[in-house]
Amino acid sequence: MSNSLLFSRAAIGKIVPPASGRAYYHDNEQRGLLLDVQHSGLKSFQIYRKINGKPVRINFGRFDASIPDTREITSGVDPLSLLGNSPSLNVRMARKVANAINAELDKGINPVSSIKAKRLAIDEELSLQGAFNKYVADWLVPHGKRSLEDMRALFNRHLGEVALGQKKPRGRERTKSEGGVNWSKRKLSSIQQAEVRRLHLDLKEKEGHHTANRVFELLRALFNKMNEWKLFGGTNPCEGIHKFKETKRSRFVTGEELPLFFKALAEVEHASFKAFILLLLLTGARRENVLSMQWTDLDFDASLWTIPDMISKSGDAMTIPLTGIAMDVLVKRKNNGSKYVFPANSKSGYMTPPKKHWVDLLGRAGLENLRLHDLRRSMGSWQAMSGSSLVIIGQSLGHKSLEATQIYARLQIDPVRASMELATQTIMNKAGL
């Protein structure tokens, strides 16, 4: 059964569903627009036309009598984007969708096939997690880039998902960063520039400039590589966003501060804290490496400490010579009944960063703006001022590149300058000037 009428909410509302099967009604205003009325009472809109002699039928929405006649499709929404979603429509909206479909059919394009192809492409598109996995397997591993453990931790903590039960080697449970997001399942094309800019700002406020920039660099690199490898054809959402300016910290315990520091440290009653601080200062090692130190890592005969590759930031095992004072500190802690040098009743099994004791120590010494990590920098700084080369300093601190050690270059010049000043004064004195 086929009928024609001028579609309106009132006219369609009067249509009585057939006793069985379905009936079709043609709109007198919009070319090819049909109303499919089923015996169940469901009324839906279709386009029915013949293209190149072949019939084409496209279902695109359900008639909803509750929608006012005056309501339009939201401004800025492509009517074709409604295809496949079975939207509720009034007559005005249905005609607009029908008009858009007709325009495509007139160009020889079936919009349904086109949309299916686009959706299939989106389904096959890489997720951010998939892109990261490709980046690791096809770039980081073959080219021996930065520690994979660090990169995975950076991605999971700030861009992906941190699963339960993920502990650092000899460490605590990993957790999401306060300003991080979980975009692991997001398709690459769904990540927008505004979101990246917001993430960058949030990380700066909650994690600091350094972390915000490292996460941004990783995200930008992922999109660049996927574009380069033709695995993603969209725009890099990091374009137009600039890294925050970073000021490299150069704070260390100065010559004037050393007497105050050691006097205050001598007054500390907490033996483990005192030993931890001394080893930080005397080895130049990272805080987490000292805290997780095991007796099996130490060679007392050779006075050497080996940091295993699985917990070394560079990804390579690192051997640190132990000075006599450092050895004395360690000898006093032997036979503590634990595999750790600094055991504790904690999830990791060893002592956590002693923040309160550190604050108390600084207060007692009258020192400001000094962090635990600055003790590591103090070893490098005093090596530089003692005339050691940047290569030696970098090796002792476990730096993989000279760039990481460059902060000590100015201090390294000081003993050279002092020697030249002395020589210059001698020359001038000899000359009688």
# chains A, B, ... in the order shown; residues from 1 in each chain; ligands from 1
>>> residues_around(residues="Ala275 of chain A", least_positions_apart="4", cutoff="12 Å", atoms="only C-alpha atoms", output="VMD selection string")
chain A and resid 265 to 266 268 to 271 279 to 283 290 to 291 325 to 333 341 to 342 351 354
>>> write_last_selection(atoms="C-alpha atoms", output="tab-separated table (two decimals), in the first residue's frame")
chain	number	residue	atom	x	y	z
A	265	LEU	CA	73.42	15.96	61.15
A	266	ALA	CA	75.66	14.97	64.08
A	268	VAL	CA	70.32	13.62	64.71
A	269	GLU	CA	69.33	10.62	66.85
A	270	HIS	CA	67.67	8.60	64.07
A	271	ALA	CA	70.58	6.35	63.01
A	279	LEU	CA	75.28	7.87	51.69
A	280	LEU	CA	73.24	10.25	49.52
A	281	LEU	CA	75.93	12.89	49.90
A	282	LEU	CA	78.95	10.58	49.63
A	283	THR	CA	77.78	8.48	46.65
A	290	VAL	CA	70.02	4.37	48.12
A	291	LEU	CA	66.77	3.49	49.89
A	325	ILE	CA	83.62	7.10	55.04
A	326	ALA	CA	80.83	5.55	52.99
A	327	MET	CA	82.21	2.09	53.76
A	328	ASP	CA	82.29	2.92	57.48
A	329	VAL	CA	78.60	3.86	57.34
A	330	LEU	CA	77.73	0.56	55.65
A	331	VAL	CA	79.86	-1.61	57.92
A	332	LYS	CA	78.00	-0.24	60.95
A	333	ARG	CA	74.67	-1.37	59.40
A	341	VAL	CA	70.49	-1.85	54.02
A	342	PHE	CA	67.59	0.36	55.16
A	351	MET	CA	62.56	2.85	54.33
A	354	PRO	CA	62.19	10.60	55.36
>>> select_by_dssp(residues="segment 16-193 of chain A", states="helix (DSSP H, G or I)", output="count of residues only")
62
>>> closest_residue(among="A:Leu361, A:Glu239, A:Glu195, A:Lys204", to="Glu267 of chain A", atoms="only C-alpha atoms")
A:Leu361
>>> closest_residue(among="A:Ile47, A:Asp360, A:Ala65, A:Glu207", to="Ala11 of chain A", atoms="only C-alpha atoms")
A:Ala65
>>> closest_residue(among="A:Glu104, A:Glu125, A:Asp301, A:Glu161", to="Lys176 of chain A", atoms="only C-alpha atoms")
A:Glu161
>>> atom_distance(atom1="atom CA of Ser292 of chain A", atom2="atom CA of Tyr340 of chain A")
6.6 Å
>>> closest_residue(among="A:Ser346, A:Gln129, A:Ser4, A:Asn90", to="Asp27 of chain A", atoms="only C-alpha atoms")
A:Ser4
>>> residues_around(residues="Leu42 of chain A", least_positions_apart="5", cutoff="12 Å", atoms="only C-alpha atoms", output="list in words")
Ile12, Gly13, Ile15, Val16, Pro17, Pro18, Gly21, Arg22, Ala23, Tyr24, Leu35, Asp36, Val37, Gly61, Arg62, Phe63, Asp64, Ala65 and Ser88 of chain A
>>> write_last_selection(atoms="C-alpha atoms", output="compact mmCIF listing (two decimals), in the first residue's frame")
# COMPACT_ATOMS: atom_id res chain seq x y z
CA ILE A 12 1.21 11.63 10.43
CA GLY A 13 -0.52 11.39 13.80
CA ILE A 15 -2.29 7.59 10.16
CA VAL A 16 -3.64 4.27 11.42
CA PRO A 17 -1.12 1.40 11.36
CA PRO A 18 -2.03 -1.48 9.03
CA GLY A 21 2.80 -5.84 7.44
CA ARG A 22 3.62 -2.19 6.71
CA ALA A 23 2.37 0.76 4.66
CA TYR A 24 4.38 3.50 2.92
CA LEU A 35 7.21 7.27 5.96
CA ASP A 36 7.32 3.55 6.78
CA VAL A 37 4.38 2.64 9.05
CA GLY A 61 15.23 7.95 11.73
CA ARG A 62 12.02 7.46 13.71
CA PHE A 63 9.08 9.84 13.76
CA ASP A 64 8.53 11.24 17.25
CA ALA A 65 5.19 13.01 17.73
CA SER A 88 14.06 10.66 16.87
>>> select_by_dssp(residues="segment 24-157 of chain A", states="strand (DSSP E)", output="NGL selection string")
:A and (24-27 or 33-38 or 43-51 or 54-63 or 88-89)
>>> residues_around(residues="Phe262 of chain A", least_positions_apart="5", cutoff="12 Å", atoms="only C-alpha atoms", output="NGL selection string")
:A and (253-257 or 267-268 or 274 or 277-278 or 281 or 361-362 or 364-367)
>>> write_last_selection(atoms="N, CA and C atoms", output="mmCIF file, in the first residue's frame")
data_model
loop_
_atom_site.group_PDB
_atom_site.id
_atom_site.type_symbol
_atom_site.label_atom_id
_atom_site.label_comp_id
_atom_site.auth_asym_id
_atom_site.auth_seq_id
_atom_site.Cartn_x
_atom_site.Cartn_y
_atom_site.Cartn_z
ATOM 1 N N VAL A 253 74.981 21.895 48.419
ATOM 2 C CA VAL A 253 75.449 22.335 49.734
ATOM 3 C C VAL A 253 76.780 23.062 49.533
ATOM 4 N N THR A 254 76.790 24.357 49.809
ATOM 5 C CA THR A 254 77.980 25.175 49.562
ATOM 6 C C THR A 254 79.008 25.008 50.682
ATOM 7 N N GLY A 255 80.192 25.559 50.440
ATOM 8 C CA GLY A 255 81.250 25.482 51.438
ATOM 9 C C GLY A 255 80.861 26.128 52.743
ATOM 10 N N GLU A 256 80.124 27.230 52.680
ATOM 11 C CA GLU A 256 79.690 27.913 53.896
ATOM 12 C C GLU A 256 78.637 27.098 54.655
ATOM 13 N N GLU A 257 77.850 26.303 53.891
ATOM 14 C CA GLU A 257 76.764 25.543 54.508
ATOM 15 C C GLU A 257 77.212 24.199 55.073
ATOM 16 N N GLU A 267 73.783 15.865 65.339
ATOM 17 C CA GLU A 267 72.833 15.918 66.453
ATOM 18 C C GLU A 267 71.601 15.037 66.239
ATOM 19 N N VAL A 268 71.472 14.470 65.031
ATOM 20 C CA VAL A 268 70.318 13.621 64.712
ATOM 21 C C VAL A 268 70.421 12.294 65.461
ATOM 22 N N LYS A 274 70.370 9.293 59.485
ATOM 23 C CA LYS A 274 71.715 9.862 59.409
ATOM 24 C C LYS A 274 72.554 9.098 58.383
ATOM 25 N N ILE A 277 71.367 9.908 54.763
ATOM 26 C CA ILE A 277 71.805 11.226 54.302
ATOM 27 C C ILE A 277 73.288 11.203 53.938
ATOM 28 N N LEU A 278 74.103 10.550 54.746
ATOM 29 C CA LEU A 278 75.533 10.472 54.463
ATOM 30 C C LEU A 278 75.800 9.732 53.156
ATOM 31 N N LEU A 281 74.920 11.863 50.131
ATOM 32 C CA LEU A 281 75.930 12.895 49.905
ATOM 33 C C LEU A 281 77.236 12.301 49.384
ATOM 34 N N LEU A 361 65.992 18.544 59.950
ATOM 35 C CA LEU A 361 67.430 18.739 59.792
ATOM 36 C C LEU A 361 67.737 20.122 59.222
ATOM 37 N N LEU A 362 66.985 20.509 58.193
ATOM 38 C CA LEU A 362 67.202 21.820 57.578
ATOM 39 C C LEU A 362 66.917 22.937 58.580
ATOM 40 N N ARG A 364 67.187 22.764 61.833
ATOM 41 C CA ARG A 364 68.256 22.778 62.831
ATOM 42 C C ARG A 364 69.527 23.419 62.260
ATOM 43 N N ALA A 365 69.768 23.186 60.954
ATOM 44 C CA ALA A 365 70.972 23.733 60.320
ATOM 45 C C ALA A 365 70.775 25.164 59.840
ATOM 46 N N GLY A 366 69.527 25.612 59.805
ATOM 47 C CA GLY A 366 69.244 26.962 59.324
ATOM 48 C C GLY A 366 69.432 27.105 57.823
ATOM 49 N N LEU A 367 69.153 26.022 57.073
ATOM 50 C CA LEU A 367 69.316 26.036 55.610
ATOM 51 C C LEU A 367 67.955 26.100 54.940
#
>>> closest_residue(among="A:Ala103, A:Ile67, A:Ile115, A:Ile109", to="Ser81 of chain A", atoms="only C-alpha atoms")
A:Ile115
>>> closest_residue(among="A:Ser184, A:Asn289, A:Thr306, A:Ser177", to="Gly208 of chain A", atoms="only C-alpha atoms")
A:Ser177
>>> residues_around(residues="Asn133 of chain A", least_positions_apart="6", cutoff="10 Å", atoms="only C-alpha atoms", output="JSON, numbers by chain")
{"A": [127, 139, 140, 152, 222]}
